[in-house]
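Below: coords06.txt (compact mmCIF, C-alpha atoms)
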```txt
# COMPACT_ATOMS: atom_id res chain seq x y z
CA MET T 17 10.72 72.84 178.91
CA ALA T 18 10.05 70.55 181.85
CA SER T 19 6.56 69.12 182.29
CA ILE T 20 4.31 71.90 183.61
CA LEU T 21 0.96 71.41 185.34
CA GLU T 22 -1.87 73.04 183.36
CA TRP T 23 -5.04 74.41 184.93
CA PRO T 24 -7.97 72.04 184.07
CA PHE T 25 -9.99 74.85 182.49
CA CYS T 26 -12.88 72.72 181.25
CA LEU T 27 -13.36 71.12 184.67
CA LEU T 28 -12.65 74.15 186.87
CA THR T 29 -14.13 76.92 184.75
CA PRO T 30 -13.98 80.52 186.02
CA SER T 31 -17.01 82.74 185.54
CA GLN T 32 -14.73 85.64 184.60
CA VAL T 33 -11.09 85.94 183.59
CA GLN T 34 -8.89 89.02 183.77
CA ALA T 35 -5.48 88.86 182.09
CA ASN T 36 -3.55 92.11 182.02
CA VAL T 37 0.04 93.17 181.47
CA VAL T 38 1.39 95.12 184.43
CA ALA T 39 3.78 97.61 182.86
CA PHE T 40 7.06 98.60 184.46
CA THR T 41 7.58 102.37 184.23
CA ARG T 42 10.32 104.74 185.32
CA SER T 43 9.74 108.30 186.48
CA GLY T 44 12.17 111.12 185.84
CA GLY T 45 10.70 113.25 188.61
CA LYS T 46 8.33 116.16 188.26
CA SER T 47 9.22 119.05 185.99
CA LEU T 48 8.97 122.71 187.00
CA GLY T 49 5.47 122.74 185.55
CA GLY T 50 4.41 119.91 187.83
CA VAL T 51 4.32 117.29 185.04
CA GLU T 52 5.88 113.92 185.82
CA PRO T 53 7.38 112.36 182.68
CA VAL T 54 7.13 108.56 182.73
CA THR T 55 9.04 106.12 180.51
CA ARG T 56 7.81 102.59 180.01
CA THR T 57 10.32 99.74 179.96
CA ASP T 58 9.85 96.42 178.14
CA LEU T 59 9.86 94.36 181.34
CA GLY T 60 6.15 94.09 182.11
CA PHE T 61 4.55 90.92 183.45
CA TRP T 62 1.13 89.27 183.34
CA SER T 63 -1.44 89.32 186.12
CA VAL T 64 -4.26 86.77 185.72
CA ASP T 65 -7.38 86.60 187.88
CA TYR T 66 -9.91 83.77 187.80
CA THR T 67 -13.16 84.95 189.37
CA GLY T 68 -15.99 82.65 190.46
CA VAL T 69 -14.51 79.23 189.62
CA VAL T 70 -17.58 76.97 189.56
CA ILE T 71 -17.39 74.01 191.95
CA GLN T 72 -20.64 72.16 192.67
CA ASN T 73 -21.07 69.73 195.54
CA ARG T 74 -22.56 67.07 193.28
CA TYR T 75 -19.46 66.91 191.10
CA ARG T 76 -16.77 65.24 193.17
CA ASP T 77 -14.30 65.38 190.29
CA GLN T 78 -14.29 69.18 190.57
CA TRP T 79 -13.40 69.01 194.27
CA ARG T 80 -10.71 66.41 193.64
CA ALA T 81 -9.23 68.44 190.78
CA TRP T 82 -9.12 71.63 192.88
CA GLN T 83 -7.43 69.87 195.78
CA ALA T 84 -4.97 68.04 193.52
CA VAL T 85 -3.94 71.29 191.80
CA ARG T 86 -3.54 73.01 195.18
CA THR T 87 -1.37 70.18 196.49
CA GLN T 88 0.78 70.10 193.35
CA ILE T 89 1.63 73.81 193.23
CA GLY T 90 2.02 74.18 197.01
CA GLY T 91 1.60 77.94 197.35
CA ARG T 92 3.49 80.70 195.57
CA ALA T 93 6.58 78.59 194.91
CA GLY T 94 4.83 76.25 192.49
CA LEU T 95 4.34 76.65 188.74
CA ILE T 96 1.14 76.30 186.74
CA ALA T 97 0.16 77.19 183.18
CA VAL T 98 -3.20 78.96 183.19
CA ARG T 99 -5.34 79.39 180.11
CA VAL T 100 -6.22 82.89 178.99
CA PRO T 101 -9.40 82.90 176.86
CA ALA T 102 -8.65 84.77 173.64
CA SER T 103 -11.52 83.91 171.30
CA LEU T 104 -12.99 87.43 171.36
CA SER T 105 -9.87 88.81 169.66
CA ALA T 106 -8.48 85.65 168.04
CA PRO T 107 -7.74 85.97 164.29
CA TYR T 108 -10.07 83.26 163.01
CA ALA T 109 -9.99 83.02 159.21
CA SER T 110 -13.80 83.04 159.09
CA GLY T 111 -14.03 86.14 161.29
CA ARG T 112 -15.94 84.27 164.01
CA PHE T 113 -15.23 81.57 166.58
CA GLU T 114 -14.00 78.24 165.20
CA PRO T 115 -13.61 75.14 167.39
CA LEU T 116 -10.58 72.86 167.32
CA ILE T 117 -10.57 70.45 164.39
CA SER T 118 -10.65 66.68 165.07
CA LEU T 119 -8.75 64.55 162.56
CA PRO T 120 -7.87 60.82 162.25
CA HIS T 121 -4.43 59.34 161.51
CA GLY T 122 -3.21 59.34 157.93
CA ASP T 123 -4.78 55.89 157.44
CA ASP T 124 -8.15 57.22 158.70
CA THR T 125 -7.84 55.39 162.05
CA SER T 126 -8.20 56.89 165.52
CA PHE T 127 -6.22 56.38 168.72
CA GLY T 128 -6.77 53.19 170.70
CA ASP T 129 -9.46 54.88 172.78
CA GLU T 130 -11.19 56.02 169.56
CA THR T 131 -10.25 59.67 170.06
CA LEU T 132 -8.92 61.78 167.19
CA TYR T 133 -6.12 64.27 166.79
CA GLU T 134 -6.99 67.84 167.72
CA GLN T 135 -5.79 70.54 165.35
CA ASN T 136 -5.98 74.26 165.99
CA ALA T 137 -8.29 76.35 163.85
CA ILE T 138 -5.66 79.11 163.68
CA SER T 139 -2.22 78.48 162.20
CA VAL T 140 0.45 81.18 162.44
CA VAL T 141 4.21 80.53 162.54
CA THR T 142 7.24 82.69 163.21
CA ASP T 143 9.26 84.07 160.31
CA GLY T 144 12.89 84.05 161.37
CA SER T 145 14.30 83.68 164.86
CA THR T 146 12.97 85.85 167.71
CA PRO T 147 15.59 86.32 170.47
CA ILE T 148 15.11 86.70 174.21
CA GLY T 149 14.20 90.28 175.09
CA ALA T 150 12.76 91.12 171.66
CA THR T 151 9.80 93.49 171.62
CA SER T 152 8.66 92.74 168.07
CA ILE T 153 8.08 89.58 166.05
CA ARG T 154 7.59 88.52 162.43
CA LEU T 155 4.55 86.28 161.94
CA ARG T 156 3.65 84.26 158.86
CA ILE T 157 -0.06 83.56 158.33
CA ILE T 158 -0.87 79.97 157.35
CA ASN T 159 -4.57 79.87 158.25
CA ALA T 160 -5.86 82.97 160.01
CA ALA T 161 -7.48 86.33 159.41
CA THR T 162 -5.30 88.81 157.55
CA ASP T 163 -5.04 91.06 160.59
CA LEU T 164 -2.75 90.24 163.50
CA VAL T 165 -3.17 93.50 165.43
CA GLY T 166 -4.29 93.25 169.08
CA VAL T 167 -4.25 89.45 169.32
CA ARG T 168 -2.85 87.09 171.93
CA PHE T 169 -0.73 83.96 171.55
CA SER T 170 1.64 81.85 173.57
CA PHE T 171 4.78 79.81 172.98
CA ASN T 172 5.85 77.25 175.58
CA HIS T 173 3.40 78.89 178.02
CA ALA T 174 4.90 82.37 177.54
CA LEU T 175 2.00 84.69 176.77
CA TYR T 176 2.19 87.69 174.43
CA GLU T 177 -0.10 90.40 173.07
CA THR T 178 0.49 92.23 169.78
CA GLY T 179 0.26 95.95 169.14
CA PRO T 180 -0.29 98.08 166.00
CA VAL T 181 1.30 96.71 162.84
CA ILE T 182 4.86 97.78 161.97
CA ALA T 183 5.02 96.29 158.46
CA VAL T 184 3.18 93.85 156.18
CA ASP T 185 4.93 91.93 153.39
CA GLY T 186 2.50 89.51 151.75
CA ASP T 187 1.53 86.98 154.42
CA ILE T 188 4.24 88.15 156.85
CA TRP T 189 3.27 90.61 159.58
CA THR T 190 5.78 92.44 161.76
CA VAL T 191 4.15 93.55 165.01
CA PRO T 192 5.29 94.78 168.42
CA ILE T 193 4.59 92.44 171.33
CA THR T 194 4.34 92.79 175.06
CA PRO T 195 5.89 91.71 177.32
CA SER T 196 9.39 91.16 175.92
CA VAL T 197 10.19 87.67 174.60
CA ARG T 198 10.79 85.22 177.44
CA GLU T 199 12.84 82.60 175.57
CA LEU T 200 14.22 82.16 172.07
CA ILE T 201 11.45 81.42 169.56
CA PRO T 202 13.00 79.46 166.67
CA PRO T 203 12.05 80.17 163.04
CA GLY T 204 8.93 78.36 161.84
CA SER T 205 7.60 77.81 165.37
CA ASP T 206 3.88 77.08 165.67
CA LEU T 207 2.26 79.61 167.97
CA GLU T 208 -0.77 78.92 170.18
CA PHE T 209 -3.56 81.32 169.23
CA ASP T 210 -6.59 79.10 169.95
CA ARG T 211 -5.87 78.36 173.62
CA PRO T 212 -2.97 80.54 174.79
CA THR T 213 -1.53 79.95 178.25
CA CYS T 214 0.62 81.83 180.74
CA LEU T 215 3.15 80.27 183.11
CA CYS T 216 2.33 81.56 186.58
CA HIS T 217 2.70 81.38 190.34
CA LEU T 218 -0.15 81.80 192.78
CA ALA T 219 -0.32 85.44 193.87
CA ASP T 220 -0.78 84.31 197.49
CA ASP T 221 0.24 81.21 199.43
CA ARG T 222 -3.39 80.73 200.47
CA GLY T 223 -4.75 81.66 197.08
CA MET T 224 -6.53 78.33 196.67
CA ASP T 225 -8.39 78.24 199.96
CA VAL T 226 -11.93 77.01 199.34
CA THR T 227 -15.18 76.90 201.36
CA GLN T 228 -17.60 73.97 201.40
CA ASP T 229 -21.18 75.29 201.50
CA ALA T 230 -23.93 72.84 202.48
CA ILE T 231 -26.67 75.42 201.89
CA THR T 232 -25.96 76.61 198.33
CA LYS T 233 -24.56 73.16 197.38
CA GLY T 234 -21.52 74.67 195.77
CA THR T 235 -18.96 77.45 195.86
CA LYS T 236 -17.27 79.91 193.52
CA PRO T 237 -13.77 80.67 194.79
CA ASN T 238 -11.50 83.27 193.22
CA VAL T 239 -7.84 82.65 192.49
CA SER T 240 -5.17 85.09 191.34
CA PHE T 241 -1.89 84.41 189.54
CA VAL T 242 1.23 86.37 188.58
CA GLU T 243 3.52 85.47 185.71
CA ALA T 244 6.51 83.36 186.72
CA THR T 245 9.16 85.80 185.50
CA ASP T 246 11.69 84.17 187.84
CA TYR T 247 11.34 80.95 185.84
CA TRP T 248 12.14 82.70 182.55
CA ASN T 249 15.13 84.44 184.15
CA GLN T 250 16.53 81.16 185.45
CA LEU T 251 15.94 79.53 182.07
CA ALA T 252 17.83 82.32 180.30
CA LEU T 253 20.74 81.91 182.72
CA GLY T 254 20.85 78.15 182.07
CA LEU T 255 20.00 77.32 185.68
CA ILE T 256 17.06 75.07 184.71
```
Using structure tokens, write down the structure from this file.
Amino acid sequence: MASILEWPFCLLTPSQVQANVVAFTRSGGKSLGGVEPVTRTDLGFWSVDYTGVVIQNRYRDQWRAWQAVRTQIGGRAGLIAVRVPASLSAPYASGRFEPLISLPHGDDTSFGDETLYEQNAISVVTDGSTPIGATSIRLRIINAATDLVGVRFSFNHALYETGPVIAVDGDIWTVPITPSVRELIPPGSDLEFDRPTCLCHLADDRGMDVTQDAITKGTKPNVSFVEATDYWNQLALGLI
């Protein structure tokens, strides 16, 4: 995958986040009894809303970050990976929130700037290959709670949500996922459960308009995104 801009979540933090799958359904028309049977397809897409992104006048880095992101994505045509908070349902082994783990190199040294490696608290990998268009996946638990129902994860910025369990075989869980798989997930792939992301477009060309307020000394703009399904389609066709 080409380098993708990621939303600076820790710098431009929304007060609320909504991330929902918009299901595609087909109607067969109303029956004689007035009932309209509806069939759901597997082609849903994500809608993500950031509400009340905190930008304070005294923090110039927040203003610069907002304007830099807006310039980079350039309206609905641009791509950005947005984080979807998942800690409330994440399968932490302890049953409660666990922060990322900081570790040194194998020789107990740090990077040149004295920072350490960051390692996820949750470790789950794929069991077998998961093809494009699949609506279920086999997951092997390495370090996580022994329940992978109703959790969210991402792979290469493609976001998924699991449904009720299909089968359990030791540490391998087979679960349905929505939406359908965006790109091939190779066997043994590490999945992002701690900080899942979704590859998106802005929902509106002017979706990052912002107001400077000299009275309240800050602002809380809202910004909405839709999943970049066109990107995944082009990737599948080998066009990118």
Can you sort out the box for segment 168-175 of chain T, edges along x, y and z, all listed atoms in, 6 Å on every side, with centre and edge lengths in Å to one decimal, as AutoDock Vina command-line options?
```
--center_x 1.5 --center_y 82.2 --center_z 174.8 --size_x 20.7 --size_y 21.8 --size_z 18.5
```
At a cut-off of 12 Å, can you tabulate as CSV every residue of segment 121-219 of chain T near segment 28-36 of chain T together with its closest atom pair and the distance in Å to one decimal, using only C-alpha atoms and ordering rows by chain then number?
```
residue,atom,partner,partner_atom,distance
T:Arg168,CA,T:Ala35,CA,10.6
T:Leu175,CA,T:Ala35,CA,10.1
T:Tyr176,CA,T:Asn36,CA,10.5
T:Glu177,CA,T:Asn36,CA,9.7
T:Thr194,CA,T:Asn36,CA,10.5
T:Pro195,CA,T:Asn36,CA,10.6
T:Pro212,CA,T:Ala35,CA,11.3
T:Thr213,CA,T:Ala35,CA,10.5
T:Cys214,CA,T:Ala35,CA,9.4
T:Cys216,CA,T:Ala35,CA,11.6
```
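Nearest residue to Arg86 of chain T, choosing from T:Trp23, T:Phe113, T:Tyr247, T:Trp62 and counting all atoms listed in the file: T:Trp23.
Across T:Ala97, T:Ala106, T:Leu116, T:Ala81, the tightest approach to Val64 of chain T is made by T:Ala97 when counting only C-alpha atoms.
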> Which value, in Å to one decimal, gives the distance between atom CA of Pro180 of chain T and atom CA of Glu199 of chain T?
Replying inline: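 These atoms are spaced 22.4 Å apart.
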>> List the spatial neighbours of Gly144 of chain T as a ChimeraX atom specification - criterion: any atom at most 10 Å away, all atoms listed in the file, same-chain residues fewer than 6 positions off excluded.
In response: /T:153-156,201-205
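Taking atom CA of Leu215 of chain T and atom CA of Gln250 of chain T as endpoints, the distance between them is 13.6 Å.
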Might you pull out every residue within 10 Å of Gly223 of chain T, with only C-alpha atoms counted and same-chain residues fewer than 4 positions away left off, and present them as a PDB file with C-alpha atoms, in the coordinates of the input?
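As written to disk, part.pdb reads:
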```pdb
ATOM      1  CA  ARG T  86      -3.540  73.010 195.180  1.00  0.00           C
ATOM      2  CA  GLY T  91       1.600  77.940 197.350  1.00  0.00           C
ATOM      3  CA  ARG T  92       3.490  80.700 195.570  1.00  0.00           C
ATOM      4  CA  LEU T 218      -0.150  81.800 192.780  1.00  0.00           C
ATOM      5  CA  ALA T 219      -0.320  85.440 193.870  1.00  0.00           C
ATOM      6  CA  PRO T 237     -13.770  80.670 194.790  1.00  0.00           C
ATOM      7  CA  ASN T 238     -11.500  83.270 193.220  1.00  0.00           C
ATOM      8  CA  VAL T 239      -7.840  82.650 192.490  1.00  0.00           C
ATOM      9  CA  SER T 240      -5.170  85.090 191.340  1.00  0.00           C
ATOM     10  CA  PHE T 241      -1.890  84.410 189.540  1.00  0.00           C
TER      11      PHE T 241
END
```
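Distances from T:Val165, T:Glu22, T:Pro147, T:Phe61 to Val38 of chain T were compared using all atoms listed in the file, and the smallest one belongs to T:Phe61.
All residues of protein, DNA or RNA that reach within 8 Å of Gln72 of chain T, judged by all atoms listed in the file and not counting those fewer than 6 positions away in the chain, are Gln78, Lys233, Gly234 and Thr235 of chain T.
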>> Please report the interatomic distance between atom CA of Leu59 of chain T and atom CA of Phe40 of chain T in Å with one decimal.
In response: 6.0 Å
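Nearest to Ile182 of chain T of all the residues T:Ser152, T:Arg74, T:Ser103, T:Ile231 is T:Ser152, based on all atoms listed in the file.
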For Tyr108 of chain T, please output as a PDB file with C-alpha atoms, keeping the file's coordinate frame all residues within 10 Å (counting only C-alpha atoms; exclusion window: fewer than 4 positions along the same chain).
```
ATOM      1  CA  SER T 103     -11.520  83.910 171.300  1.00  0.00           C
ATOM      2  CA  LEU T 104     -12.990  87.430 171.360  1.00  0.00           C
ATOM      3  CA  ARG T 112     -15.940  84.270 164.010  1.00  0.00           C
ATOM      4  CA  PHE T 113     -15.230  81.570 166.580  1.00  0.00           C
ATOM      5  CA  GLU T 114     -14.000  78.240 165.200  1.00  0.00           C
ATOM      6  CA  PRO T 115     -13.610  75.140 167.390  1.00  0.00           C
ATOM      7  CA  ALA T 137      -8.290  76.350 163.850  1.00  0.00           C
ATOM      8  CA  ILE T 138      -5.660  79.110 163.680  1.00  0.00           C
ATOM      9  CA  SER T 139      -2.220  78.480 162.200  1.00  0.00           C
ATOM     10  CA  ASN T 159      -4.570  79.870 158.250  1.00  0.00           C
ATOM     11  CA  ALA T 160      -5.860  82.970 160.010  1.00  0.00           C
ATOM     12  CA  ALA T 161      -7.480  86.330 159.410  1.00  0.00           C
ATOM     13  CA  THR T 162      -5.300  88.810 157.550  1.00  0.00           C
ATOM     14  CA  ASP T 163      -5.040  91.060 160.590  1.00  0.00           C
ATOM     15  CA  PHE T 209      -3.560  81.320 169.230  1.00  0.00           C
ATOM     16  CA  ASP T 210      -6.590  79.100 169.950  1.00  0.00           C
TER      17      ASP T 210
END
```
>> For a quick check of understanding, using only C-alpha atoms, which of T:Arg211, T:Val242, T:Gly254, T:Leu164 has the smallest distance to Ala93 of chain T?
In response: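 That would be T:Val242, the residue with the smallest distance to Ala93 of chain T.
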>> Given the point (5.0, 84.3, 167.8) in the file's coordinates, find the residues that have an atom at most 7 Å from it, counting all atoms listed in the file, and give them as an NGL selection string.
In response: :T and (141-142 or 153 or 155 or 169 or 171 or 207)
> Near Asp187 of chain T, within 8 Å and counting only C-alpha atoms, which residues show up once chain neighbours fewer than 2 positions away are dropped, as JSON, numbers by chain?
Replying inline: {"T": [156, 157, 158, 162, 184, 185, 189]}
Create the file for the chosen residues now, containing C-alpha atoms and written as a PDB file, in the frame of the given file.
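The resulting file, part-v8.pdb, is shown below:
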```
ATOM      1  CA  ARG T 156       3.650  84.260 158.860  1.00  0.00           C
ATOM      2  CA  ILE T 157      -0.060  83.560 158.330  1.00  0.00           C
ATOM      3  CA  ILE T 158      -0.870  79.970 157.350  1.00  0.00           C
ATOM      4  CA  THR T 162      -5.300  88.810 157.550  1.00  0.00           C
ATOM      5  CA  VAL T 184       3.180  93.850 156.180  1.00  0.00           C
ATOM      6  CA  ASP T 185       4.930  91.930 153.390  1.00  0.00           C
ATOM      7  CA  TRP T 189       3.270  90.610 159.580  1.00  0.00           C
TER       8      TRP T 189
END
```
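A cut-off of 10 Å from the point (-13.7, 73.3, 194.6), with all atoms listed in the file, picks out the residues Leu28, Val69, Val70, Ile71, Gln72, Asn73, Tyr75, Arg76, Asp77, Gln78, Trp79, Arg80, Ala81, Trp82, Gln83, Met224, Asp225, Val226, Thr227, Gln228, Gly234, Thr235, Lys236 and Pro237 of chain T.
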> Which is closest to Val98 of chain T among T:Asp206, T:Glu243, T:Asp220, T:Asp143, if we use all atoms listed in the file?
Replying inline: T:Glu243
Complete segment 55-78 of chain T with N, CA, C and O atoms (output as a short mmCIF file (atom, residue, chain, number, x, y, z; two decimals), keeping the file's coordinate frame).
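Dumped everything to out13.cif:
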```cif
data_model
loop_
_atom_site.label_atom_id
_atom_site.label_comp_id
_atom_site.auth_asym_id
_atom_site.auth_seq_id
_atom_site.Cartn_x
_atom_site.Cartn_y
_atom_site.Cartn_z
N THR T 55 8.55 106.94 181.62
CA THR T 55 9.04 106.12 180.51
C THR T 55 8.73 104.66 180.79
O THR T 55 9.04 104.16 181.88
N ARG T 56 8.13 104.00 179.83
CA ARG T 56 7.81 102.59 180.01
C ARG T 56 8.97 101.73 179.56
O ARG T 56 9.58 101.95 178.52
N THR T 57 9.30 100.71 180.35
CA THR T 57 10.32 99.74 179.96
C THR T 57 9.63 98.57 179.26
O THR T 57 8.42 98.54 179.11
N ASP T 58 10.42 97.59 178.83
CA ASP T 58 9.85 96.42 178.14
C ASP T 58 9.74 95.22 179.08
O ASP T 58 9.63 94.09 178.64
N LEU T 59 9.76 95.46 180.38
CA LEU T 59 9.86 94.36 181.34
C LEU T 59 8.55 94.06 182.06
O LEU T 59 8.57 93.56 183.17
N GLY T 60 7.43 94.36 181.47
CA GLY T 60 6.15 94.09 182.11
C GLY T 60 5.92 92.61 182.37
O GLY T 60 6.64 91.75 181.87
N PHE T 61 4.88 92.32 183.16
CA PHE T 61 4.55 90.92 183.45
C PHE T 61 3.04 90.78 183.49
O PHE T 61 2.31 91.76 183.65
N TRP T 62 2.56 89.54 183.36
CA TRP T 62 1.13 89.27 183.34
C TRP T 62 0.56 89.08 184.74
O TRP T 62 1.19 88.45 185.60
N SER T 63 -0.63 89.59 184.93
CA SER T 63 -1.44 89.32 186.12
C SER T 63 -2.74 88.69 185.64
O SER T 63 -3.42 89.25 184.77
N VAL T 64 -3.07 87.52 186.17
CA VAL T 64 -4.26 86.77 185.72
C VAL T 64 -5.14 86.47 186.92
O VAL T 64 -4.68 85.93 187.93
N ASP T 65 -6.41 86.85 186.81
CA ASP T 65 -7.38 86.60 187.88
C ASP T 65 -8.51 85.72 187.36
O ASP T 65 -9.15 86.05 186.35
N TYR T 66 -8.75 84.61 188.05
CA TYR T 66 -9.91 83.77 187.80
C TYR T 66 -10.95 84.09 188.87
O TYR T 66 -10.71 83.90 190.06
N THR T 67 -12.10 84.57 188.44
CA THR T 67 -13.16 84.95 189.37
C THR T 67 -14.33 83.98 189.28
O THR T 67 -14.79 83.67 188.18
N GLY T 68 -14.81 83.51 190.43
CA GLY T 68 -15.99 82.65 190.46
C GLY T 68 -15.78 81.31 189.77
O GLY T 68 -16.56 80.93 188.90
N VAL T 69 -14.74 80.57 190.17
CA VAL T 69 -14.51 79.23 189.62
C VAL T 69 -15.65 78.32 190.11
O VAL T 69 -15.85 78.17 191.32
N VAL T 70 -16.38 77.73 189.20
CA VAL T 70 -17.58 76.97 189.56
C VAL T 70 -17.22 75.58 190.08
O VAL T 70 -16.63 74.77 189.37
N ILE T 71 -17.56 75.33 191.35
CA ILE T 71 -17.39 74.01 191.95
C ILE T 71 -18.71 73.63 192.61
O ILE T 71 -19.15 74.29 193.55
N GLN T 72 -19.35 72.59 192.13
CA GLN T 72 -20.64 72.16 192.67
C GLN T 72 -20.45 70.91 193.53
O GLN T 72 -19.65 70.03 193.20
N ASN T 73 -21.21 70.85 194.61
CA ASN T 73 -21.07 69.73 195.54
C ASN T 73 -21.34 68.38 194.89
O ASN T 73 -20.77 67.36 195.28
N ARG T 74 -22.21 68.35 193.90
CA ARG T 74 -22.56 67.07 193.28
C ARG T 74 -21.49 66.53 192.35
O ARG T 74 -21.55 65.37 191.95
N TYR T 75 -20.52 67.36 192.00
CA TYR T 75 -19.46 66.91 191.10
C TYR T 75 -18.16 66.73 191.89
O TYR T 75 -17.37 67.67 192.05
N ARG T 76 -17.94 65.51 192.36
CA ARG T 76 -16.77 65.24 193.17
C ARG T 76 -15.47 65.41 192.40
O ARG T 76 -14.42 65.72 192.98
N ASP T 77 -15.52 65.23 191.07
CA ASP T 77 -14.30 65.38 190.29
C ASP T 77 -13.80 66.82 190.32
O ASP T 77 -12.60 67.07 190.23
N GLN T 78 -14.72 67.78 190.46
CA GLN T 78 -14.29 69.18 190.57
C GLN T 78 -13.55 69.41 191.88
O GLN T 78 -12.51 70.08 191.89
#
```
